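Visitor: Here it is, the structure, as structure tokens.
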Amino acid sequence: MLWYKSWLETRWRFLIGLGVLMCSAFATVLAYPRVAHLLPLVPAIDTTTAIGRQIKEAADLAREYRGYIWSQWFRQNMPQMWVVFAALLGTGGLLSEGSRGTALFTLSLPASRSRLLGIRAAAALGELLLLAVLPSLLVPLLSPGVGESYGLVEALVHALCVFVAGAMFFSLAFLLSTVFGDVWRPLLIALGVAAVLAVAEQVFRESASGLFSVMSGEAYFRSGRLPWLGLVAAASASAAMLYGASVNFAQRDF
């Protein structure tokens with residue numbers, strides 16, 4: 001019953017996110033022939049500025065299909081949209097139910113507060129895993145349609161990097177949802193933190209150890225090595241925030 005309740009609470013956020021991400025993956029793959037056709041027409045790029053260097057890097061990556069998919073899908077489109085839905089799925093819970101008058105009913109169910117919170121978190125994380133894996137699987141499936149190929153294992157590795165590292169934003173929103181009784185403050189704070197981190201990584205682009213670099217699996221793309229340190233650090237931070245949410249929720253007076 002608790003699993004089903006969690007599904008009912010989050011199903012529309014999950015289904016909308018799945019639809020948006022699937023459409024984006026579809027469009028990214030199908031756009032490649034047009035991008036490949038236009039690349040030779042790109043004029044010489046001034047590499048003396050930071051923006052010029054970034055544009056040249058993007059153009060160089062797009063010259064081969066593997067680089068195009070990584071730069072457009074796994075480094076940009078997917079992480080950016082996935083983080084939004086991760087924060088959305090992390091919001092809500094019993095505190096927001098309190099404003100609707102349904103929290104006391106949920107608390108009267110024969111389950112401890114830790115179990116209630118644990119099932120809610122596990123259900124949302126399961127949905128987020130699907131949001132990372134299913135759209136990414138479209139890439140190798142659709143690639144033959146544009147005369148290219150992309151490795152299934154590579155797609156799964158990048159999807160799991162997005163899930164493990166990006167779960168920090170879900171955990172942050174989940175923790176904040178045990179502090180604030182509304183949906184908007186946890187969502188906006190989590191997205192604000194994500195925006196600050198993304199901008200900081202663009203400013204200090206020389207480093208490939210930032211959170212969004214770990215999410216994109218940049219080390220795996222460039223050298224074939226998984227960013228284990230970043231993944232473990234992100235997973236540990238997520239676990240700590242989920243534990244903090246459990247402590248907050250246990251002490252909450254309804």
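Every chain in the structure tokens takes a letter, A first, then B, and so on in the order presented; its residues are numbered from 1, and the ligands are numbered from 1 following the presented order.
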Report as a Markdown table the residues of range 94-193 of chain A within 12 Å of range 16-33 of chain A, each with its shortest atom pair and distance in Å (one decimal), using only C-alpha atoms, ordered by chain and increasing residue number.
Guide:
```
| residue | atom | partner | partner_atom | distance |
| --- | --- | --- | --- | --- |
| A:Glu127 | CA | A:Leu18 | CA | 9.2 |
| A:Leu128 | CA | A:Gly17 | CA | 9.3 |
| A:Leu129 | CA | A:Leu18 | CA | 10.8 |
| A:Leu130 | CA | A:Leu18 | CA | 8.1 |
| A:Leu131 | CA | A:Leu18 | CA | 5.7 |
| A:Ala132 | CA | A:Leu21 | CA | 8.7 |
| A:Val133 | CA | A:Leu18 | CA | 10.1 |
| A:Leu134 | CA | A:Met22 | CA | 7.6 |
| A:Pro135 | CA | A:Met22 | CA | 4.8 |
| A:Ser136 | CA | A:Ala25 | CA | 7.0 |
| A:Leu137 | CA | A:Ala25 | CA | 9.0 |
| A:Leu138 | CA | A:Ala25 | CA | 6.7 |
| A:Val139 | CA | A:Val29 | CA | 6.5 |
| A:Pro140 | CA | A:Val29 | CA | 9.2 |
| A:Leu141 | CA | A:Val29 | CA | 9.9 |
| A:Leu142 | CA | A:Val29 | CA | 6.9 |
| A:Ser143 | CA | A:Val29 | CA | 6.5 |
| A:Pro144 | CA | A:Val29 | CA | 9.8 |
| A:Gly145 | CA | A:Leu30 | CA | 8.0 |
| A:Val146 | CA | A:Leu30 | CA | 6.6 |
| A:Gly147 | CA | A:Pro33 | CA | 8.8 |
| A:Glu148 | CA | A:Tyr32 | CA | 9.5 |
| A:Ser149 | CA | A:Val29 | CA | 10.5 |
| A:Tyr150 | CA | A:Val29 | CA | 10.4 |
| A:Ala155 | CA | A:Ala25 | CA | 11.7 |
```
Visitor: Which polymer residues have any atom within 12 Å of an atom of Val199 in chain A, counting only C-alpha atoms, with same-chain residues fewer than 6 positions away left out, as a ChimeraX atom specification?
Guide: /A:192-193,205,210-212
Visitor: Given the selection you just returned, output its residues as a file containing N, CA and C atoms, formatted as an mmCIF file, in the first residue's frame.
Guide:
```cif
data_model
loop_
_atom_site.group_PDB
_atom_site.id
_atom_site.type_symbol
_atom_site.label_atom_id
_atom_site.label_comp_id
_atom_site.auth_asym_id
_atom_site.auth_seq_id
_atom_site.Cartn_x
_atom_site.Cartn_y
_atom_site.Cartn_z
ATOM 1 N N GLY A 192 18.449 26.132 -7.466
ATOM 2 C CA GLY A 192 19.410 27.216 -7.324
ATOM 3 C C GLY A 192 20.812 26.696 -7.064
ATOM 4 N N VAL A 193 20.933 25.695 -6.206
ATOM 5 C CA VAL A 193 22.236 25.077 -5.947
ATOM 6 C C VAL A 193 22.793 24.455 -7.219
ATOM 7 N N ARG A 205 36.540 25.662 -16.097
ATOM 8 C CA ARG A 205 36.349 24.539 -17.012
ATOM 9 C C ARG A 205 37.549 23.609 -17.075
ATOM 10 N N GLY A 210 34.212 18.334 -11.260
ATOM 11 C CA GLY A 210 32.985 18.906 -10.714
ATOM 12 C C GLY A 210 31.833 17.923 -10.794
ATOM 13 N N LEU A 211 30.770 18.255 -10.084
ATOM 14 C CA LEU A 211 29.626 17.346 -10.005
ATOM 15 C C LEU A 211 29.005 17.086 -11.372
ATOM 16 N N PHE A 212 28.834 18.131 -12.176
ATOM 17 C CA PHE A 212 28.226 17.923 -13.493
ATOM 18 C C PHE A 212 29.170 17.188 -14.436
#
```
Visitor: Skip range 246-252 of chain A itself and residues of its chain fewer than 3 positions away, then list as a compact mmCIF listing (two decimals) with C-alpha atoms, in the first residue's frame all residues within 10 Å of it, counting only C-alpha atoms.
Guide:
```
# COMPACT_ATOMS: atom_id res chain seq x y z
CA LEU A 94 4.10 14.34 4.66
CA LEU A 95 4.82 17.98 5.46
CA SER A 112 7.09 3.58 11.39
CA ARG A 113 8.07 7.05 10.24
CA SER A 114 11.40 5.68 9.03
CA ARG A 115 9.60 3.14 6.87
CA LEU A 116 7.23 5.76 5.47
CA LEU A 117 10.12 8.00 4.52
CA GLY A 118 12.29 5.14 3.26
CA PHE A 174 14.03 15.54 -0.10
CA LEU A 175 15.88 16.86 2.96
CA LEU A 176 14.46 20.36 2.50
CA SER A 177 10.97 18.86 2.22
CA THR A 178 11.30 17.74 5.85
CA VAL A 179 12.08 21.34 6.81
CA ALA A 240 23.98 11.75 4.48
CA MET A 241 21.16 14.04 3.31
CA LEU A 242 18.64 11.19 3.28
CA TYR A 243 19.72 10.27 6.81
```
Visitor: Compile the contact shell of range 216-226 of chain A as a PyMOL selection string: residues with an atom at most 6 Å away, counting only C-alpha atoms, same-chain residues fewer than 5 positions apart removed.
Guide: chain A and resi 74-75+158+161
Visitor: Using the selection just defined, write its residues with C-alpha atoms as an mmCIF file, in the first residue's frame.
Guide:
```cif
data_model
loop_
_atom_site.group_PDB
_atom_site.id
_atom_site.type_symbol
_atom_site.label_atom_id
_atom_site.label_comp_id
_atom_site.auth_asym_id
_atom_site.auth_seq_id
_atom_site.Cartn_x
_atom_site.Cartn_y
_atom_site.Cartn_z
ATOM 1 C CA PHE A 74 25.048 13.241 -21.789
ATOM 2 C CA ARG A 75 26.800 16.531 -20.976
ATOM 3 C CA HIS A 158 26.703 7.404 -18.747
ATOM 4 C CA CYS A 161 26.732 8.345 -13.795
#
```
Visitor: Which residue gives the smallest distance to Ala234 in chain A among A:Ala165, A:Val214, A:Leu172, A:Ala190, with only C-alpha atoms counted?
Guide: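 Looking only at the distances to Ala234 in chain A, the closest residue turns out to be A:Ala165.
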Visitor: For CA of Ser236 in chain A and CA of Met168 in chain A, determine how far apart the two atoms are, in Å to one decimal place.
Guide: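 A separation of 9.1 Å between them.
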Visitor: What does the distance from CA of Gly67 in chain A to CA of Leu191 in chain A come to in Å, to one decimal?
Guide: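 We find that CA of Gly67 in chain A and CA of Leu191 in chain A lie 27.4 Å from each other.
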Visitor: Given the choices A:Trp73, A:Trp7, A:Phe169, A:Phe85, which gets closest to Leu197 in chain A if the distance is worked out from only C-alpha atoms?
Guide: A:Phe169
Visitor: In Å, with one decimal, what is the gap from CA of Ala198 in chain A to CA of Val84 in chain A?
Guide: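 Atom-to-atom, CA of Ala198 in chain A and CA of Val84 in chain A are spaced 13.1 Å apart.
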Visitor: Between A:Trp3, A:Gly92, A:Gln80, A:Ala233, which is the closest to Asp182 in chain A once you count only C-alpha atoms?
Guide: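 Ranking A:Trp3, A:Gly92, A:Gln80, A:Ala233 by distance to Asp182 in chain A, first place goes to A:Gly92.
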